[in-house]
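Structure first, commentary second.
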Amino acid sequence: MSVHAPEMPIVVDDETGVWTTDALPMLYVPRHFFVNNHMGIEEEIGAEKYADILYKAGYKSAHYWCEKEAAEHGISGADVFEHYMKRLSQRGWGFFITEELDLEKGTAKVRLEHSAFVYQYGKVNRKVDYMFTGWFAGAMDQVAESLGYDVRTKAIQTQCAAEDGCDVGYFEVTAL
């Protein structure tokens, strides 16, 4: 296994200890800690209800993130969406690869390799990456809005590497 240093800028405030990347505060936690908390909530309220909650929160967070990052880096359009996929990948969630993207139509197809959730859950023959789903619609809607496109989207996970016979995950974004 080869390794490399993080590819994103990280600064730590000397007074507060707050970590920041690209002008946004960040948290650095062990994967098992985060995923075990995720699994605990799922066990208590059920995966379907938890997925609905995370979709809404994730949508809002991705929308905000893309707006702030576009301003921070002076980027727009597809560059914002691709920057989001890059930063998600760099932060250890997995590798997010945009296979299709049409901002005007509000459509995208994203492949996920090496999911942090699949590493923790293993092969459980169900979709376990649902936390990411709202992120794609939130990112798409923010970018489309910034370009003046009158489109709203939804996202679904169509395949997960935790399912039998699957090695990667797929998400699709479509217009409402």
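Going through the structure tokens in order, the chains are called A, B, and so on, while each chain numbers its residues from 1 and the ligands are numbered from 1 in the order shown.
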
Can you list, as a PDB file with N, CA and C atoms, in the first residue's frame, all residues belonging to chain A that DSSP tags as strand (DSSP E)?
ATOM      1  N   VAL A  11      -5.553  24.198   8.221  1.00  0.00           N
ATOM      2  CA  VAL A  11      -4.928  25.108   9.179  1.00  0.00           C
ATOM      3  C   VAL A  11      -5.650  24.941  10.508  1.00  0.00           C
ATOM      4  N   VAL A  12      -4.891  25.110  11.582  1.00  0.00           N
ATOM      5  CA  VAL A  12      -5.434  24.953  12.925  1.00  0.00           C
ATOM      6  C   VAL A  12      -5.249  26.266  13.681  1.00  0.00           C
ATOM      7  N   TRP A  19      -9.974  23.298  13.333  1.00  0.00           N
ATOM      8  CA  TRP A  19      -9.357  22.963  12.049  1.00  0.00           C
ATOM      9  C   TRP A  19     -10.181  23.620  10.948  1.00  0.00           C
ATOM     10  N   THR A  20      -9.506  24.165   9.940  1.00  0.00           N
ATOM     11  CA  THR A  20     -10.192  24.817   8.820  1.00  0.00           C
ATOM     12  C   THR A  20      -9.580  24.343   7.506  1.00  0.00           C
ATOM     13  N   THR A  21     -10.433  24.106   6.531  1.00  0.00           N
ATOM     14  CA  THR A  21     -10.023  23.818   5.160  1.00  0.00           C
ATOM     15  C   THR A  21     -10.838  24.728   4.253  1.00  0.00           C
ATOM     16  N   LEU A  24     -13.637  26.850   5.741  1.00  0.00           N
ATOM     17  CA  LEU A  24     -14.766  26.208   6.430  1.00  0.00           C
ATOM     18  C   LEU A  24     -14.239  25.370   7.597  1.00  0.00           C
ATOM     19  N   PRO A  25     -14.848  25.504   8.784  1.00  0.00           N
ATOM     20  CA  PRO A  25     -14.417  24.700   9.936  1.00  0.00           C
ATOM     21  C   PRO A  25     -14.651  23.213   9.676  1.00  0.00           C
ATOM     22  N   MET A  26     -13.732  22.391  10.144  1.00  0.00           N
ATOM     23  CA  MET A  26     -13.798  20.951   9.901  1.00  0.00           C
ATOM     24  C   MET A  26     -13.622  20.201  11.221  1.00  0.00           C
ATOM     25  N   PHE A  95     -13.847   7.285  -2.892  1.00  0.00           N
ATOM     26  CA  PHE A  95     -13.509   7.995  -4.124  1.00  0.00           C
ATOM     27  C   PHE A  95     -14.790   8.212  -4.922  1.00  0.00           C
ATOM     28  N   PHE A  96     -15.106   9.482  -5.170  1.00  0.00           N
ATOM     29  CA  PHE A  96     -16.314   9.862  -5.901  1.00  0.00           C
ATOM     30  C   PHE A  96     -15.919  10.277  -7.311  1.00  0.00           C
ATOM     31  N   ILE A  97     -16.427   9.550  -8.301  1.00  0.00           N
ATOM     32  CA  ILE A  97     -16.075   9.794  -9.695  1.00  0.00           C
ATOM     33  C   ILE A  97     -17.341  10.182 -10.451  1.00  0.00           C
ATOM     34  N   THR A  98     -17.348  11.378 -11.030  1.00  0.00           N
ATOM     35  CA  THR A  98     -18.487  11.829 -11.818  1.00  0.00           C
ATOM     36  C   THR A  98     -18.408  11.182 -13.188  1.00  0.00           C
ATOM     37  N   GLU A  99     -19.370  10.335 -13.496  1.00  0.00           N
ATOM     38  CA  GLU A  99     -19.400   9.672 -14.800  1.00  0.00           C
ATOM     39  C   GLU A  99     -20.245  10.450 -15.804  1.00  0.00           C
ATOM     40  N   GLU A 100     -21.278  11.112 -15.324  1.00  0.00           N
ATOM     41  CA  GLU A 100     -22.149  11.917 -16.188  1.00  0.00           C
ATOM     42  C   GLU A 100     -22.543  13.166 -15.414  1.00  0.00           C
ATOM     43  N   LEU A 101     -22.630  14.295 -16.119  1.00  0.00           N
ATOM     44  CA  LEU A 101     -23.042  15.548 -15.486  1.00  0.00           C
ATOM     45  C   LEU A 101     -23.645  16.468 -16.532  1.00  0.00           C
ATOM     46  N   ASP A 102     -24.905  16.849 -16.338  1.00  0.00           N
ATOM     47  CA  ASP A 102     -25.578  17.829 -17.192  1.00  0.00           C
ATOM     48  C   ASP A 102     -26.294  18.808 -16.260  1.00  0.00           C
ATOM     49  N   THR A 107     -28.971  16.490 -14.184  1.00  0.00           N
ATOM     50  CA  THR A 107     -28.713  15.057 -14.111  1.00  0.00           C
ATOM     51  C   THR A 107     -27.232  14.780 -13.864  1.00  0.00           C
ATOM     52  N   ALA A 108     -26.983  13.703 -13.157  1.00  0.00           N
ATOM     53  CA  ALA A 108     -25.614  13.266 -12.912  1.00  0.00           C
ATOM     54  C   ALA A 108     -25.619  11.792 -12.540  1.00  0.00           C
ATOM     55  N   LYS A 109     -24.484  11.174 -12.773  1.00  0.00           N
ATOM     56  CA  LYS A 109     -24.245   9.803 -12.318  1.00  0.00           C
ATOM     57  C   LYS A 109     -22.870   9.810 -11.651  1.00  0.00           C
ATOM     58  N   VAL A 110     -22.832   9.360 -10.392  1.00  0.00           N
ATOM     59  CA  VAL A 110     -21.594   9.368  -9.614  1.00  0.00           C
ATOM     60  C   VAL A 110     -21.294   7.948  -9.156  1.00  0.00           C
ATOM     61  N   ARG A 111     -20.054   7.527  -9.416  1.00  0.00           N
ATOM     62  CA  ARG A 111     -19.585   6.219  -8.956  1.00  0.00           C
ATOM     63  C   ARG A 111     -18.820   6.417  -7.645  1.00  0.00           C
ATOM     64  N   LEU A 112     -19.029   5.520  -6.706  1.00  0.00           N
ATOM     65  CA  LEU A 112     -18.328   5.559  -5.417  1.00  0.00           C
ATOM     66  C   LEU A 112     -17.502   4.291  -5.258  1.00  0.00           C
ATOM     67  N   GLU A 113     -16.206   4.492  -5.093  1.00  0.00           N
ATOM     68  CA  GLU A 113     -15.286   3.391  -4.837  1.00  0.00           C
ATOM     69  C   GLU A 113     -14.706   3.555  -3.433  1.00  0.00           C
ATOM     70  N   THR A 153     -33.594  19.059  -8.197  1.00  0.00           N
ATOM     71  CA  THR A 153     -33.246  17.662  -8.406  1.00  0.00           C
ATOM     72  C   THR A 153     -33.505  16.797  -7.187  1.00  0.00           C
ATOM     73  N   LYS A 154     -33.402  15.509  -7.406  1.00  0.00           N
ATOM     74  CA  LYS A 154     -33.414  14.513  -6.340  1.00  0.00           C
ATOM     75  C   LYS A 154     -32.311  13.511  -6.680  1.00  0.00           C
ATOM     76  N   ALA A 155     -31.821  12.834  -5.676  1.00  0.00           N
ATOM     77  CA  ALA A 155     -30.780  11.836  -5.896  1.00  0.00           C
ATOM     78  C   ALA A 155     -31.187  10.524  -5.236  1.00  0.00           C
ATOM     79  N   ILE A 156     -30.727   9.434  -5.818  1.00  0.00           N
ATOM     80  CA  ILE A 156     -30.948   8.109  -5.247  1.00  0.00           C
ATOM     81  C   ILE A 156     -29.668   7.304  -5.393  1.00  0.00           C
ATOM     82  N   GLN A 157     -29.481   6.352  -4.495  1.00  0.00           N
ATOM     83  CA  GLN A 157     -28.391   5.397  -4.683  1.00  0.00           C
ATOM     84  C   GLN A 157     -28.978   4.201  -5.400  1.00  0.00           C
ATOM     85  N   THR A 158     -28.369   3.816  -6.508  1.00  0.00           N
ATOM     86  CA  THR A 158     -28.879   2.698  -7.304  1.00  0.00           C
ATOM     87  C   THR A 158     -28.117   1.406  -7.056  1.00  0.00           C
ATOM     88  N   GLN A 159     -26.925   1.515  -6.484  1.00  0.00           N
ATOM     89  CA  GLN A 159     -26.101   0.332  -6.241  1.00  0.00           C
ATOM     90  C   GLN A 159     -25.118   0.645  -5.120  1.00  0.00           C
ATOM     91  N   GLY A 169     -20.354   1.623  -5.690  1.00  0.00           N
ATOM     92  CA  GLY A 169     -21.674   2.200  -5.537  1.00  0.00           C
ATOM     93  C   GLY A 169     -21.962   3.165  -6.675  1.00  0.00           C
ATOM     94  N   TYR A 170     -23.248   3.392  -6.921  1.00  0.00           N
ATOM     95  CA  TYR A 170     -23.680   4.377  -7.926  1.00  0.00           C
ATOM     96  C   TYR A 170     -24.810   5.208  -7.365  1.00  0.00           C
ATOM     97  N   PHE A 171     -24.762   6.494  -7.697  1.00  0.00           N
ATOM     98  CA  PHE A 171     -25.811   7.448  -7.358  1.00  0.00           C
ATOM     99  C   PHE A 171     -26.256   8.129  -8.629  1.00  0.00           C
ATOM    100  N   GLU A 172     -27.561   8.381  -8.731  1.00  0.00           N
ATOM    101  CA  GLU A 172     -28.091   9.116  -9.878  1.00  0.00           C
ATOM    102  C   GLU A 172     -28.854  10.332  -9.400  1.00  0.00           C
ATOM    103  N   VAL A 173     -28.625  11.439 -10.072  1.00  0.00           N
ATOM    104  CA  VAL A 173     -29.332  12.678  -9.826  1.00  0.00           C
ATOM    105  C   VAL A 173     -30.234  12.930 -11.023  1.00  0.00           C
ATOM    106  N   THR A 174     -31.511  13.235 -10.757  1.00  0.00           N
ATOM    107  CA  THR A 174     -32.457  13.535 -11.822  1.00  0.00           C
ATOM    108  C   THR A 174     -33.279  14.759 -11.443  1.00  0.00           C
ATOM    109  N   ALA A 175     -33.858  15.398 -12.446  1.00  0.00           N
ATOM    110  CA  ALA A 175     -34.715  16.551 -12.208  1.00  0.00           C
ATOM    111  C   ALA A 175     -36.032  16.073 -11.623  1.00  0.00           C
TER     112      ALA A 175
END

Mind checking DSSP for range 57-104 of chain A and telling me the alpha helix (DSSP H) residues as a PyMOL selection string?
-> chain A and resi 57-73+78-90

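Shortest separation to Lys68 in chain A among A:Ile41, A:Asp22, A:Met140, A:Val124 occurs at residue A:Asp22, atoms counted being only C-alpha atoms.
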
Taking only C-alpha atoms into account, which of A:Glu7, A:Glu145, A:Glu48, A:Glu67 comes nearest Arg126 in chain A?
->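 So, comparing all the options, the nearest one is A:Glu48.
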
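Take CA of Lys105 in chain A and CA of Met131 in chain A: the distance between them is 23.9 Å.
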
Find the residue from A:Ala78, A:Tyr130, A:Ala71, A:Ser2 that sits nearest to Lys56 in chain A; use only C-alpha atoms when measuring.
->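 Under the stated criterion, the closest residue is A:Tyr130.
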
What's the 6 Å shell around range 57-60 of chain A, counting only C-alpha atoms, without same-chain residues fewer than 2 positions away, as a list in words?
-> Leu54, Tyr55, Ala62, His63, Gly134, Trp135 and Gly138 of chain A

Between CA of Pro6 in chain A and CA of Gly94 in chain A, what is the distance, to one decimal in Å?
-> 13.8 Å

Judged by only C-alpha atoms, the minimum distance to Ser89 in chain A among A:Val3, A:Leu147, A:Met8, A:Gly46 is found for A:Met8

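Proximity to His83 in chain A was assessed for A:Ala162, A:Ala47, A:Gly122, A:Val143 counting only C-alpha atoms; the smallest distance is recorded for A:Val143.
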
Which residues, written as JSON, numbers by chain, have at least one atom at most 12 Å from Lys123 in chain A, with only C-alpha atoms counted and residues fewer than 2 positions away on the same chain left out?
-> {"A": [115, 117, 118, 119, 120, 121, 125, 126, 127, 128, 160, 161, 162, 163, 164, 165, 166, 167, 168]}

Top pick for closest residue to Tyr84 in chain A, considering A:Phe136, A:Ile53, A:Pro30, A:Glu43 and counting only C-alpha atoms | A:Phe136
